[in-house]
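Data from input07.txt: compact mmCIF, C-alpha atoms
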```txt
# COMPACT_ATOMS: atom_id res chain seq x y z
CA MET B 1 17.82 -24.07 -71.94
CA SER B 2 19.77 -23.79 -75.19
CA GLU B 3 16.55 -22.88 -77.02
CA MET B 4 16.20 -19.78 -74.83
CA GLN B 5 19.82 -18.81 -75.40
CA ASP B 6 19.55 -19.29 -79.16
CA SER B 7 16.34 -17.31 -79.67
CA PRO B 8 16.85 -13.88 -81.22
CA ARG B 9 16.81 -11.06 -78.71
CA ARG B 10 14.36 -8.21 -79.19
CA GLY B 11 12.97 -5.51 -76.99
CA LEU B 12 9.60 -6.22 -75.41
CA ILE B 13 6.80 -3.97 -74.21
CA LEU B 14 5.32 -5.21 -70.93
CA ILE B 15 2.37 -3.80 -69.01
CA ASN B 16 1.63 -4.41 -65.32
CA THR B 17 -1.94 -3.27 -64.69
CA GLY B 18 -5.04 -4.11 -62.68
CA PRO B 19 -6.50 -3.15 -59.30
CA GLY B 20 -4.25 -5.40 -57.21
CA LYS B 21 -1.03 -4.58 -55.40
CA GLY B 22 2.39 -5.26 -56.90
CA LYS B 23 2.55 -3.54 -60.29
CA THR B 24 5.56 -1.34 -59.49
CA THR B 25 7.12 -4.03 -57.31
CA ALA B 26 7.00 -6.53 -60.19
CA ALA B 27 8.49 -3.97 -62.59
CA LEU B 28 11.31 -3.23 -60.13
CA GLY B 29 11.95 -6.96 -59.76
CA THR B 30 12.36 -7.25 -63.52
CA ALA B 31 14.57 -4.14 -63.48
CA LEU B 32 16.71 -5.73 -60.76
CA ARG B 33 17.04 -8.90 -62.86
CA ALA B 34 18.05 -6.82 -65.89
CA ALA B 35 20.65 -4.88 -63.88
CA GLY B 36 22.01 -8.17 -62.56
CA ASN B 37 22.50 -9.23 -66.17
CA GLY B 38 24.60 -6.14 -66.90
CA MET B 39 21.82 -4.16 -68.56
CA ARG B 40 21.40 -0.41 -68.17
CA VAL B 41 18.08 0.38 -66.49
CA LEU B 42 16.12 3.62 -66.08
CA VAL B 43 12.98 3.89 -63.94
CA LEU B 44 10.88 7.03 -64.43
CA GLN B 45 8.13 7.45 -61.85
CA PHE B 46 5.47 9.68 -63.36
CA LEU B 47 3.47 10.63 -60.27
CA LYS B 48 5.60 9.60 -57.29
CA GLY B 49 7.81 12.24 -55.84
CA SER B 50 7.09 13.33 -52.32
CA TRP B 51 7.64 10.16 -50.29
CA HIS B 52 10.83 8.24 -49.62
CA TYR B 53 10.68 4.65 -50.82
CA GLY B 54 13.15 1.94 -49.75
CA GLU B 55 13.84 1.04 -53.37
CA LEU B 56 15.49 4.44 -53.90
CA ASP B 57 18.30 3.48 -51.51
CA SER B 58 18.68 0.00 -52.99
CA ILE B 59 18.89 1.25 -56.56
CA ALA B 60 21.44 3.93 -55.62
CA MET B 61 23.88 1.11 -54.80
CA PHE B 62 24.03 0.14 -58.49
CA GLY B 63 25.50 3.48 -59.61
CA GLU B 64 24.86 5.04 -63.01
CA ASP B 65 23.72 1.81 -64.72
CA PHE B 66 20.47 1.63 -62.69
CA GLN B 67 18.73 4.96 -62.13
CA ILE B 68 15.36 5.92 -60.70
CA ARG B 69 13.89 9.40 -61.10
CA GLN B 70 10.77 10.66 -59.37
CA MET B 71 9.00 13.05 -61.74
CA GLY B 72 5.88 14.02 -59.79
CA ARG B 73 4.74 15.42 -56.47
CA GLY B 74 3.02 12.37 -55.05
CA PHE B 75 -0.74 12.08 -54.93
CA VAL B 76 -2.63 13.82 -57.73
CA LYS B 77 -6.16 15.24 -57.56
CA ILE B 78 -8.04 14.57 -60.77
CA GLY B 79 -11.30 15.42 -62.44
CA GLY B 80 -12.30 18.61 -64.17
CA ALA B 81 -11.28 21.75 -62.31
CA GLU B 82 -9.60 19.72 -59.57
CA THR B 83 -6.72 18.66 -61.83
CA ASP B 84 -3.86 20.94 -60.85
CA PRO B 85 -2.18 22.52 -63.90
CA GLU B 86 1.15 22.02 -62.12
CA ASP B 87 0.58 18.23 -62.11
CA ILE B 88 -0.26 18.33 -65.82
CA ARG B 89 2.92 20.34 -66.49
CA MET B 90 5.00 17.82 -64.49
CA VAL B 91 3.52 14.87 -66.43
CA GLU B 92 4.27 16.64 -69.73
CA GLU B 93 7.87 17.23 -68.60
CA ALA B 94 8.16 13.62 -67.41
CA TRP B 95 6.91 12.37 -70.79
CA ALA B 96 9.35 14.65 -72.66
CA GLU B 97 12.21 13.17 -70.61
CA ALA B 98 10.87 9.64 -71.11
CA ALA B 99 10.58 10.07 -74.89
CA VAL B 100 14.18 11.32 -75.11
CA ALA B 101 15.38 8.40 -72.96
CA ILE B 102 13.39 5.85 -75.01
CA LEU B 103 14.84 7.07 -78.30
CA SER B 104 18.38 7.68 -76.96
CA GLY B 105 19.72 4.15 -77.26
CA GLU B 106 21.41 4.57 -73.86
CA TRP B 107 19.20 2.11 -71.96
CA ASP B 108 18.36 -1.59 -72.19
CA LEU B 109 15.21 -1.38 -70.02
CA ILE B 110 13.04 1.61 -69.17
CA VAL B 111 10.23 1.40 -66.61
CA LEU B 112 7.49 4.00 -67.04
CA ASP B 113 6.06 3.69 -63.55
CA GLU B 114 2.46 4.91 -63.08
CA ILE B 115 2.24 6.15 -66.67
CA ASN B 116 -1.10 4.33 -67.02
CA TYR B 117 -2.53 6.61 -64.31
CA ALA B 118 -1.29 9.73 -66.10
CA ILE B 119 -2.98 8.50 -69.28
CA SER B 120 -6.25 7.44 -67.62
CA TYR B 121 -6.41 10.82 -65.82
CA GLY B 122 -6.25 12.55 -69.23
CA MET B 123 -2.84 14.12 -68.52
CA LEU B 124 -1.10 12.33 -71.41
CA THR B 125 -2.46 10.82 -74.64
CA PRO B 126 -1.95 7.11 -75.24
CA GLU B 127 -1.34 7.72 -78.96
CA LYS B 128 1.69 9.89 -78.18
CA VAL B 129 3.13 7.13 -75.97
CA ALA B 130 2.34 4.40 -78.52
CA GLU B 131 4.01 6.33 -81.36
CA THR B 132 7.23 6.71 -79.38
CA LEU B 133 7.17 3.03 -78.35
CA ARG B 134 6.74 1.98 -81.99
CA THR B 135 9.89 3.92 -82.98
CA ARG B 136 12.06 2.84 -80.01
CA PRO B 137 15.40 1.08 -80.59
CA GLU B 138 14.82 -2.57 -81.51
CA MET B 139 16.50 -4.01 -78.40
CA LEU B 140 14.89 -1.70 -75.81
CA HIS B 141 12.53 -3.29 -73.27
CA VAL B 142 9.85 -1.00 -71.78
CA ILE B 143 7.55 -1.71 -68.82
CA LEU B 144 4.46 0.44 -68.21
CA THR B 145 2.71 0.27 -64.83
CA GLY B 146 -0.53 1.49 -63.30
CA ARG B 147 -4.21 0.59 -63.28
CA ASN B 148 -6.47 0.96 -66.29
CA ALA B 149 -3.93 0.39 -69.06
CA HIS B 150 -5.28 2.01 -72.22
CA PRO B 151 -6.47 -0.40 -74.96
CA VAL B 152 -4.12 1.24 -77.50
CA LEU B 153 -1.14 0.31 -75.32
CA VAL B 154 -2.51 -3.14 -74.40
CA GLU B 155 -2.76 -3.90 -78.12
CA LEU B 156 0.83 -2.74 -78.70
CA ALA B 157 2.29 -4.67 -75.75
CA ASP B 158 3.94 -8.08 -76.00
CA THR B 159 3.01 -9.11 -72.45
CA VAL B 160 0.23 -7.74 -70.25
CA THR B 161 -0.16 -8.86 -66.64
CA GLU B 162 -3.19 -7.90 -64.61
CA MET B 163 -2.78 -7.83 -60.83
CA ARG B 164 -5.93 -8.82 -58.98
CA GLU B 165 -6.45 -8.32 -55.26
CA VAL B 166 -7.58 -11.45 -53.49
CA LYS B 167 -6.99 -10.18 -49.95
CA HIS B 168 -5.24 -7.12 -48.49
CA ALA B 169 -4.02 -6.30 -44.98
CA TYR B 170 -5.64 -2.84 -45.18
CA ALA B 171 -9.03 -4.54 -44.91
CA LYS B 172 -8.02 -5.69 -41.38
CA GLY B 173 -6.92 -2.16 -40.48
CA ILE B 174 -3.20 -2.96 -40.85
CA LEU B 175 -1.35 0.11 -42.11
CA ALA B 176 1.36 0.15 -44.79
CA GLN B 177 4.48 -1.65 -43.56
CA LYS B 178 8.03 -0.41 -44.12
CA GLY B 179 9.91 -2.74 -46.43
CA ILE B 180 6.68 -4.11 -47.91
CA GLU B 181 4.64 -1.13 -49.17
CA PHE B 182 7.38 1.49 -49.11
```

Just give me the structure of the file as structure tokens.
Amino acid sequence: MSEMQDSPRRGLILINTGPGKGKTTAALGTALRAAGNGMRVLVLQFLKGSWHYGELDSIAMFGEDFQIRQMGRGFVKIGGAETDPEDIRMVEEAWAEAAVAILSGEWDLIVLDEINYAISYGMLTPEKVAETLRTRPEMLHVILTGRNAHPVLVELADTVTEMREVKHAYAKGILAQKGIEF
């Protein structure tokens, strides 16, 4: 235990990716742990925005030191002409806010929830994200979530976890359950 306490502290980049369930949930669990250790935490949700999630109420109990901001409208149509310019504008605004937060020095942990989707949909370039992450404050931890993490970001990350679905209740026709999926 003393080895862990004596090791120098530095900010890490973590990625939760893969086709399985639990990427955001795992990031929020880490965020909860960080908040419990007195760290300031910011969660920016790039595409979520129209639904009410139980975690919003839980996080509100922490006050200003643990914030979550929904930056999107919910589900996004993608592909050629189907990509709504409004969704692209919202992702660009979300990234501008994220970049300011990352460089601000105000936070100990920032979760960029669903940013991998925004990148894989061509709404945000991975190089822009990587450049900001390279210049972040030394002690800042950042977690990126979403399927299809870009190789540029995987290479930059310290820890990458891939979620893999083994079995899912949806396959049995069981709908999303309050407290579990939302």

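If you look at CA of Pro8 (chain B) and CA of Leu28 (chain B), they are 24.3 Å away from each other.
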
What lies within 10 Å of region 60-74 of chain B using all atoms listed in the file, ignoring chain neighbours under 5 positions off, as an MDAnalysis selection string? chainID B and resid 31:32 34:36 38:51 55 86:95 97 106:111 113

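Pairwise distance (CA of Gln177 (chain B), CA of Ala27 (chain B)) equals 19.6 Å.
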
Return as a tab-separated table the residues of region 85-158 of chain B lying at most 9 Å from region 18-24 of chain B, together with the closest atom-to-atom pair for each and the distance in Å to one decimal, counting all atoms listed in the file, with rows in chain order and ascending residue number.
```
residue	atom	partner	partner_atom	distance
B:Val111	CA	B:Thr24	CA	8.9
B:Asp113	CA	B:Thr24	CA	6.5
B:Glu114	CA	B:Thr24	CA	7.8
B:Leu144	CA	B:Thr24	CA	9.0
B:Thr145	CA	B:Lys23	CA	5.9
B:Gly146	CA	B:Lys23	CA	6.6
B:Arg147	CA	B:Gly18	CA	4.8
B:Asn148	CA	B:Gly18	CA	6.4
B:Ala149	CA	B:Gly18	CA	7.9
```

One decimal, in Å: what's the spacing between CA of Thr161 (chain B) and CA of Ile180 (chain B)? 20.5 Å

Using only C-alpha atoms, which residue out of B:Met123, B:Ala130, B:Leu103, B:Met139 lies closest to Arg10 (chain B)? B:Met139

Got a sec to check which residues sit within 7 Å of (8.4, -3.0, -74.5), counting all atoms listed in the file, and write them as a PyMOL selection string? chain B and resi 11-14+140-143+157-158

Could you check which of B:Ile115, B:Ile59, B:Val166, B:Ala99 is closest to Asn16 (chain B), using only C-alpha atoms? B:Ile115
